[in-house]
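Listing of work.pdb, PDB, C-alpha atoms
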ATOM      1  CA  MET H   1       0.000   0.000   0.000
ATOM      2  CA  ALA H   2       2.793   2.420   0.907
ATOM      3  CA  SER H   3       4.650   1.720  -2.322
ATOM      4  CA  ALA H   4       1.471   2.298  -4.352
ATOM      5  CA  ALA H   5       0.883   5.616  -2.585
ATOM      6  CA  SER H   6       4.475   6.674  -3.217
ATOM      7  CA  ALA H   7       4.178   5.807  -6.896
ATOM      8  CA  LEU H   8       0.882   7.700  -7.168
ATOM      9  CA  TYR H   9       2.465  10.782  -5.659
ATOM     10  CA  ALA H  10       5.666  10.589  -7.711
ATOM     11  CA  PHE H  11       4.125   9.927 -11.102
ATOM     12  CA  TRP H  12       0.710  11.599 -10.932
ATOM     13  CA  LEU H  13       0.268  14.098  -8.101
ATOM     14  CA  ARG H  14       3.760  15.643  -7.860
ATOM     15  CA  PRO H  15       3.998  16.657 -11.555
ATOM     16  CA  ARG H  16       0.632  18.398 -11.210
ATOM     17  CA  LEU H  17       1.679  20.258  -8.073
ATOM     18  CA  LEU H  18       4.853  21.489  -9.770
ATOM     19  CA  THR H  19       3.000  22.761 -12.877
ATOM     20  CA  TRP H  20      -0.296  23.872 -11.318
ATOM     21  CA  GLY H  21      -2.209  26.164 -13.678
ATOM     22  CA  ALA H  22       0.553  26.219 -16.301
ATOM     23  CA  SER H  23       0.137  25.070 -19.875
ATOM     24  CA  GLU H  24       2.555  22.534 -21.310
ATOM     25  CA  GLU H  25       4.194  25.319 -23.289
ATOM     26  CA  GLU H  26       4.584  27.510 -20.195
ATOM     27  CA  ALA H  27       5.981  24.651 -18.121
ATOM     28  CA  ALA H  28       8.508  23.725 -20.810
ATOM     29  CA  GLY H  29       9.503  27.302 -21.625
ATOM     30  CA  THR H  30      12.729  29.126 -20.800
ATOM     31  CA  TYR H  31      12.466  32.360 -18.808
ATOM     32  CA  PRO H  32      14.783  35.212 -17.836
ATOM     33  CA  GLY H  33      16.679  34.272 -14.691
ATOM     34  CA  ASP H  34      16.688  30.521 -15.313
ATOM     35  CA  ASP H  35      20.415  30.717 -15.973
ATOM     36  CA  LEU H  36      21.057  32.000 -12.444
ATOM     37  CA  VAL H  37      20.600  28.423 -11.223
ATOM     38  CA  PRO H  38      21.960  26.417 -14.181
ATOM     39  CA  ASP H  39      22.269  23.093 -12.361
ATOM     40  CA  ALA H  40      18.933  23.164 -10.539
ATOM     41  CA  THR H  41      17.941  20.067  -8.593
ATOM     42  CA  SER H  42      14.325  21.192  -8.275
ATOM     43  CA  THR H  43      12.065  23.373 -10.398
ATOM     44  CA  SER H  44       8.416  24.339 -10.681
ATOM     45  CA  THR H  45       6.287  26.446 -13.016
ATOM     46  CA  MET H  46       2.874  27.594 -11.800
ATOM     47  CA  ALA H  47       0.564  30.071 -13.484
ATOM     48  CA  THR H  48      -2.717  31.934 -13.281
ATOM     49  CA  THR H  49      -4.630  34.617 -15.168
ATOM     50  CA  LEU H  50      -5.404  37.809 -13.262
ATOM     51  CA  PRO H  51      -8.157  40.320 -14.126
ATOM     52  CA  ALA H  52      -5.936  43.375 -14.572
ATOM     53  CA  PRO H  53      -3.218  44.500 -17.007
ATOM     54  CA  PRO H  54       0.463  43.764 -16.252
ATOM     55  CA  GLU H  55       1.241  47.248 -14.935
ATOM     56  CA  GLU H  56      -1.448  46.912 -12.244
ATOM     57  CA  VAL H  57      -0.310  43.436 -11.216
ATOM     58  CA  TRP H  58       3.288  44.658 -11.175
ATOM     59  CA  ALA H  59       2.432  47.364  -8.639
ATOM     60  CA  TRP H  60       1.413  44.700  -6.120
ATOM     61  CA  LEU H  61       4.484  42.556  -6.781
ATOM     62  CA  ALA H  62       6.809  45.551  -6.522
ATOM     63  CA  GLN H  63       5.898  46.146  -2.882
ATOM     64  CA  MET H  64       6.535  42.615  -1.636
ATOM     65  CA  GLY H  65       8.762  42.080   1.387
ATOM     66  CA  ASP H  66       8.263  41.302   5.062
ATOM     67  CA  ASP H  67       9.033  44.895   6.007
ATOM     68  CA  ARG H  68       6.940  46.231   3.095
ATOM     69  CA  GLY H  69       3.638  44.910   1.723
ATOM     70  CA  GLY H  70       4.084  41.278   2.695
ATOM     71  CA  TRP H  71       3.807  38.271   0.390
ATOM     72  CA  TYR H  72       0.015  37.981  -0.111
ATOM     73  CA  SER H  73       0.070  34.336   0.960
ATOM     74  CA  TRP H  74      -0.828  32.638   4.261
ATOM     75  CA  ASP H  75       0.165  35.454   6.606
ATOM     76  CA  ARG H  76       0.153  33.227   9.693
ATOM     77  CA  LEU H  77       2.908  31.191   8.086
ATOM     78  CA  ASP H  78       5.118  33.886   6.570
ATOM     79  CA  ARG H  79       4.252  37.115   8.467
ATOM     80  CA  HIS H  80       3.523  36.000  12.034
ATOM     81  CA  GLY H  81      -0.158  36.727  11.450
ATOM     82  CA  GLU H  82       0.302  40.318  10.268
ATOM     83  CA  PRO H  83      -1.877  40.871   7.189
ATOM     84  CA  SER H  84      -0.267  41.622   3.858
ATOM     85  CA  ALA H  85      -1.055  44.994   2.336
ATOM     86  CA  ASP H  86      -4.499  45.475   0.824
ATOM     87  CA  ARG H  87      -3.600  48.789  -0.820
ATOM     88  CA  LEU H  88      -0.783  50.173  -2.923
ATOM     89  CA  VAL H  89       1.756  52.287  -1.054
ATOM     90  CA  PRO H  90       3.796  54.725  -3.181
ATOM     91  CA  GLU H  91       6.956  54.487  -1.064
ATOM     92  CA  TRP H  92       7.066  50.724  -1.602
ATOM     93  CA  GLN H  93       6.931  50.910  -5.379
ATOM     94  CA  GLY H  94      10.620  51.479  -6.050
ATOM     95  CA  LEU H  95      12.728  48.410  -6.824
ATOM     96  CA  SER H  96      16.277  48.077  -8.091
ATOM     97  CA  GLU H  97      18.528  45.146  -8.913
ATOM     98  CA  GLY H  98      20.581  44.157  -5.897
ATOM     99  CA  GLN H  99      17.957  45.396  -3.445
ATOM    100  CA  ARG H 100      17.207  43.180  -0.467
ATOM    101  CA  LEU H 101      13.628  42.285   0.450
ATOM    102  CA  LEU H 102      13.488  40.977   3.998
ATOM    103  CA  ALA H 103      12.015  37.504   4.419
ATOM    104  CA  THR H 104      12.097  37.445   8.233
ATOM    105  CA  ARG H 105      11.535  39.987  10.977
ATOM    106  CA  ASP H 106      15.014  39.613  12.427
ATOM    107  CA  GLY H 107      16.596  40.509   9.069
ATOM    108  CA  ARG H 108      18.697  37.348   8.945
ATOM    109  CA  ALA H 109      17.021  36.067   5.771
ATOM    110  CA  TRP H 110      16.197  37.984   2.641
ATOM    111  CA  PHE H 111      15.501  37.817  -1.074
ATOM    112  CA  THR H 112      17.726  39.773  -3.436
ATOM    113  CA  VAL H 113      16.266  41.395  -6.553
ATOM    114  CA  ALA H 114      18.375  39.568  -9.133
ATOM    115  CA  LEU H 115      16.641  40.642 -12.330
ATOM    116  CA  LEU H 116      14.154  43.394 -12.994
ATOM    117  CA  GLU H 117      12.144  44.476 -16.017
ATOM    118  CA  PRO H 118       9.179  46.575 -14.826
ATOM    119  CA  ASN H 119       5.732  45.243 -15.748
ATOM    120  CA  ARG H 120       7.289  42.105 -17.191
ATOM    121  CA  THR H 121       9.890  40.241 -15.083
ATOM    122  CA  LEU H 122      10.868  40.135 -11.409
ATOM    123  CA  VAL H 123      13.409  37.518 -10.305
ATOM    124  CA  LEU H 124      14.144  37.153  -6.593
ATOM    125  CA  ARG H 125      17.105  35.114  -5.394
ATOM    126  CA  SER H 126      17.542  33.455  -2.022
ATOM    127  CA  ASP H 127      20.734  31.815  -0.710
ATOM    128  CA  LEU H 128      20.311  30.151   2.699
ATOM    129  CA  GLU H 129      22.847  28.490   4.962
ATOM    130  CA  LEU H 130      21.512  25.273   6.483
ATOM    131  CA  PRO H 131      20.317  24.483   9.074
ATOM    132  CA  SER H 132      20.293  28.078  10.425
ATOM    133  CA  GLY H 133      18.251  29.485   7.547
ATOM    134  CA  HIS H 134      20.401  32.636   7.483
ATOM    135  CA  SER H 135      20.999  34.302   4.127
ATOM    136  CA  PHE H 136      24.314  34.755   2.382
ATOM    137  CA  ASP H 137      25.069  36.310  -1.003
ATOM    138  CA  MET H 138      26.119  33.878  -3.701
ATOM    139  CA  PRO H 139      28.259  34.075  -5.784
ATOM    140  CA  THR H 140      30.105  36.835  -3.896
ATOM    141  CA  VAL H 141      30.387  34.525  -0.866
ATOM    142  CA  ALA H 142      31.542  30.918  -1.106
ATOM    143  CA  PRO H 143      28.661  28.577  -0.294
ATOM    144  CA  PRO H 144      28.736  26.835   3.086
ATOM    145  CA  ARG H 145      28.843  23.056   3.368
ATOM    146  CA  ALA H 146      25.036  22.835   3.557
ATOM    147  CA  TYR H 147      22.911  25.383   1.709
ATOM    148  CA  LEU H 148      19.847  26.133  -0.385
ATOM    149  CA  ASP H 149      20.176  28.419  -3.408
ATOM    150  CA  GLY H 150      17.260  29.324  -5.642
ATOM    151  CA  ILE H 151      15.135  31.827  -7.512
ATOM    152  CA  TRP H 152      11.474  32.803  -7.235
ATOM    153  CA  ALA H 153      10.617  34.472 -10.533
ATOM    154  CA  PHE H 154       7.481  36.301 -11.668
ATOM    155  CA  HIS H 155       6.815  36.685 -15.393
ATOM    156  CA  LEU H 156       3.923  38.853 -16.567
ATOM    157  CA  ARG H 157       2.417  38.760 -20.044
ATOM    158  CA  SER H 158      -0.673  40.473 -21.430
ATOM    159  CA  ALA H 159      -3.709  38.205 -21.661
ATOM    160  CA  PRO H 160      -6.868  38.585 -23.772
ATOM    161  CA  GLY H 161      -9.491  40.906 -22.355
ATOM    162  CA  GLY H 162      -7.011  43.206 -20.618
ATOM    163  CA  GLY H 163      -5.785  40.641 -18.112
ATOM    164  CA  THR H 164      -2.369  39.311 -17.143
ATOM    165  CA  ARG H 165      -0.938  35.853 -17.448
ATOM    166  CA  LEU H 166       1.321  35.470 -14.415
ATOM    167  CA  VAL H 167       3.842  32.616 -14.632
ATOM    168  CA  VAL H 168       5.879  31.875 -11.508
ATOM    169  CA  ARG H 169       9.046  29.842 -12.013
ATOM    170  CA  THR H 170      11.209  28.455  -9.213
ATOM    171  CA  ARG H 171      14.596  26.843  -9.646
ATOM    172  CA  GLY H 172      16.694  25.610  -6.748
ATOM    173  CA  ARG H 173      19.714  23.583  -5.811
ATOM    174  CA  SER H 174      20.774  22.362  -2.402
ATOM    175  CA  ARG H 175      23.616  20.481  -0.763
ATOM    176  CA  PRO H 176      24.165  17.867   0.521
ATOM    177  CA  ARG H 177      21.551  16.119  -1.621
ATOM    178  CA  GLY H 178      21.388  13.066   0.608
ATOM    179  CA  ILE H 179      19.775  15.258   3.263
ATOM    180  CA  THR H 180      18.071  17.976   1.255
ATOM    181  CA  LYS H 181      16.404  15.816  -1.415
ATOM    182  CA  PRO H 182      13.969  14.114   1.003
ATOM    183  CA  PHE H 183      13.182  17.524   2.531
ATOM    184  CA  ASP H 184      12.468  18.983  -0.928
ATOM    185  CA  LEU H 185      10.123  16.146  -1.841
ATOM    186  CA  LEU H 186       8.255  15.842   1.444
ATOM    187  CA  MET H 187       8.121  19.452   2.634
ATOM    188  CA  GLY H 188       9.668  22.043   0.324
ATOM    189  CA  GLU H 189       7.627  21.360  -2.816
ATOM    190  CA  PRO H 190       4.252  20.866  -1.069
ATOM    191  CA  ALA H 191       4.831  24.000   1.035
ATOM    192  CA  HIS H 192       5.620  26.064  -2.057
ATOM    193  CA  PHE H 193       2.457  24.791  -3.747
ATOM    194  CA  ILE H 194       0.289  25.744  -0.766
ATOM    195  CA  MET H 195       1.828  29.201  -0.424
ATOM    196  CA  GLN H 196       1.912  29.975  -4.155
ATOM    197  CA  VAL H 197      -1.728  29.033  -4.760
ATOM    198  CA  ARG H 198      -2.731  31.257  -1.845
ATOM    199  CA  GLN H 199      -0.709  34.133  -3.275
ATOM    200  CA  PHE H 200      -2.459  33.723  -6.621
ATOM    201  CA  GLN H 201      -5.838  33.859  -4.867
ATOM    202  CA  ASN H 202      -4.969  36.974  -2.871
ATOM    203  CA  LEU H 203      -3.472  38.779  -5.855
ATOM    204  CA  ARG H 204      -6.624  38.016  -7.839
ATOM    205  CA  ALA H 205      -8.758  39.513  -5.070
ATOM    206  CA  ARG H 206      -6.608  42.632  -4.820
ATOM    207  CA  VAL H 207      -6.319  43.445  -8.516
ATOM    208  CA  GLY H 208      -9.966  42.508  -9.011
ATOM    209  CA  ALA H 209     -11.029  44.966  -6.333
ATOM    210  CA  GLY H 210      -8.952  47.651  -8.024
ATOM    211  CA  ALA H 211     -10.570  46.918 -11.366
TER     212      ALA H 211
END
I'd like the structure from this file rewritten - as structure tokens, please.
Amino acid sequence: MASAASALYAFWLRPRLLTWGASEEEAAGTYPGDDLVPDATSTSTMATTLPAPPEEVWAWLAQMGDDRGGWYSWDRLDRHGEPSADRLVPEWQGLSEGQRLLATRDGRAWFTVALLEPNRTLVLRSDLELPSGHSFDMPTVAPPRAYLDGIWAFHLRSAPGGGTRLVVRTRGRSRPRGITKPFDLLMGEPAHFIMQVRQFQNLRARVGAGA
């Protein structure tokens, strides 16, 4: 029974979690920022259509960050229960490559804006030392013995009817694989699915209210 369940997850459920909402073409496509993690050991491509043009969706993405507008996901899990922003704040709209977006309240973990094309592409990079979960900056700093390195990338394209097709690509690599691979399969990938779907839902509500 256990082996049948494992096979069902590996060959049927897991591929659907990793490509939720994405077309075959979107899932197979190449996107800006993919080359930042050339030897990825895990990847996902999820997508949704939002009822607002790219520039309006971009405004919500541009103000992400724990010390800014939040992440629009399950706030109890990634913001200690503090709600993500439900309005656009002008002082949070500026982004630049190399900028840090805090991921934790204590400032020990962050995303770095690795690639930026307003209204079209936002690639965030995260390099974490394990098991502490503290950030470091690769490739300027040599990776520690155990680490997680990856990107969380948002790609916006105009959709029919004035909407936006939002494709979110993740690519990651981690070491040592003997320890991190089981974690990726059992916790990392399912957690990303849960959080990303929630973000899609909350973004849809926010841009829909604006429309």
Carefully work through the PyMOL selection byres ((chain H and resi 78) around 12) for this structure and note down the residues it includes, as an mmCIF file with C-alpha atoms, keeping the file's coordinate frame.
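Result written to selection_25.cif:
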data_model
loop_
_atom_site.group_PDB
_atom_site.id
_atom_site.type_symbol
_atom_site.label_atom_id
_atom_site.label_comp_id
_atom_site.auth_asym_id
_atom_site.auth_seq_id
_atom_site.Cartn_x
_atom_site.Cartn_y
_atom_site.Cartn_z
ATOM 1 C CA GLY H 65 8.762 42.080 1.387
ATOM 2 C CA ASP H 66 8.263 41.302 5.062
ATOM 3 C CA ASP H 67 9.033 44.895 6.007
ATOM 4 C CA GLY H 70 4.084 41.278 2.695
ATOM 5 C CA TRP H 71 3.807 38.271 0.390
ATOM 6 C CA TYR H 72 0.015 37.981 -0.111
ATOM 7 C CA SER H 73 0.070 34.336 0.960
ATOM 8 C CA TRP H 74 -0.828 32.638 4.261
ATOM 9 C CA ASP H 75 0.165 35.454 6.606
ATOM 10 C CA ARG H 76 0.153 33.227 9.693
ATOM 11 C CA LEU H 77 2.908 31.191 8.086
ATOM 12 C CA ARG H 79 4.252 37.115 8.467
ATOM 13 C CA HIS H 80 3.523 36.000 12.034
ATOM 14 C CA GLY H 81 -0.158 36.727 11.450
ATOM 15 C CA GLU H 82 0.302 40.318 10.268
ATOM 16 C CA PRO H 83 -1.877 40.871 7.189
ATOM 17 C CA SER H 84 -0.267 41.622 3.858
ATOM 18 C CA LEU H 102 13.488 40.977 3.998
ATOM 19 C CA ALA H 103 12.015 37.504 4.419
ATOM 20 C CA THR H 104 12.097 37.445 8.233
ATOM 21 C CA ARG H 105 11.535 39.987 10.977
ATOM 22 C CA ALA H 191 4.831 24.000 1.035
ATOM 23 C CA HIS H 192 5.620 26.064 -2.057
ATOM 24 C CA ILE H 194 0.289 25.744 -0.766
ATOM 25 C CA MET H 195 1.828 29.201 -0.424
ATOM 26 C CA GLN H 196 1.912 29.975 -4.155
ATOM 27 C CA ARG H 198 -2.731 31.257 -1.845
ATOM 28 C CA GLN H 199 -0.709 34.133 -3.275
#
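When the PyMOL selection byres ((chain H and resi 123-131) around 6) is evaluated against the file, it yields H:Phe111, H:Thr112, H:Val113, H:Ala114, H:Leu115, H:Leu122, H:Ser132, H:Gly133, H:His134, H:Ser135, H:Phe136, H:Ala146, H:Tyr147, H:Leu148, H:Asp149, H:Gly150, H:Ile151, H:Trp152, H:Ala153.
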Using only C-alpha atoms, which residues sit within 12 Å of Val89 in chain H once same-chain residues fewer than 2 positions away are excluded, as a ChimeraX atom specification? /H:59-64,68-70,84-87,91-94
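Taking only C-alpha atoms, the non-local environment of range 45-53 of chain H within 7 Å (same-chain residues fewer than 5 positions away omitted) comprises Leu18, Thr19, Trp20, Gly21, Ala22, Ala27, Ser158, Gly162, Gly163, Thr164, Arg165, Leu166, Val167, Val168, Arg169, Thr170, Phe200, Arg204, Val207, Gly208 and Ala211 of chain H.
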Any chance you could resolve the PyMOL selection byres ((chain H and resi 33-40) around 7) against this file and give the residues as a PyMOL selection string? chain H and resi 30-32+41-43+115+123+150+171-173
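The nearest approach to Glu117 in chain H among the residues H:Gly161, H:Pro90, H:Pro54, H:Pro176, with all atoms listed in the file taken into account, belongs to H:Pro54.
In this structure, CA of Glu24 in chain H sits 25.6 Å away from CA of Glu55 in chain H.
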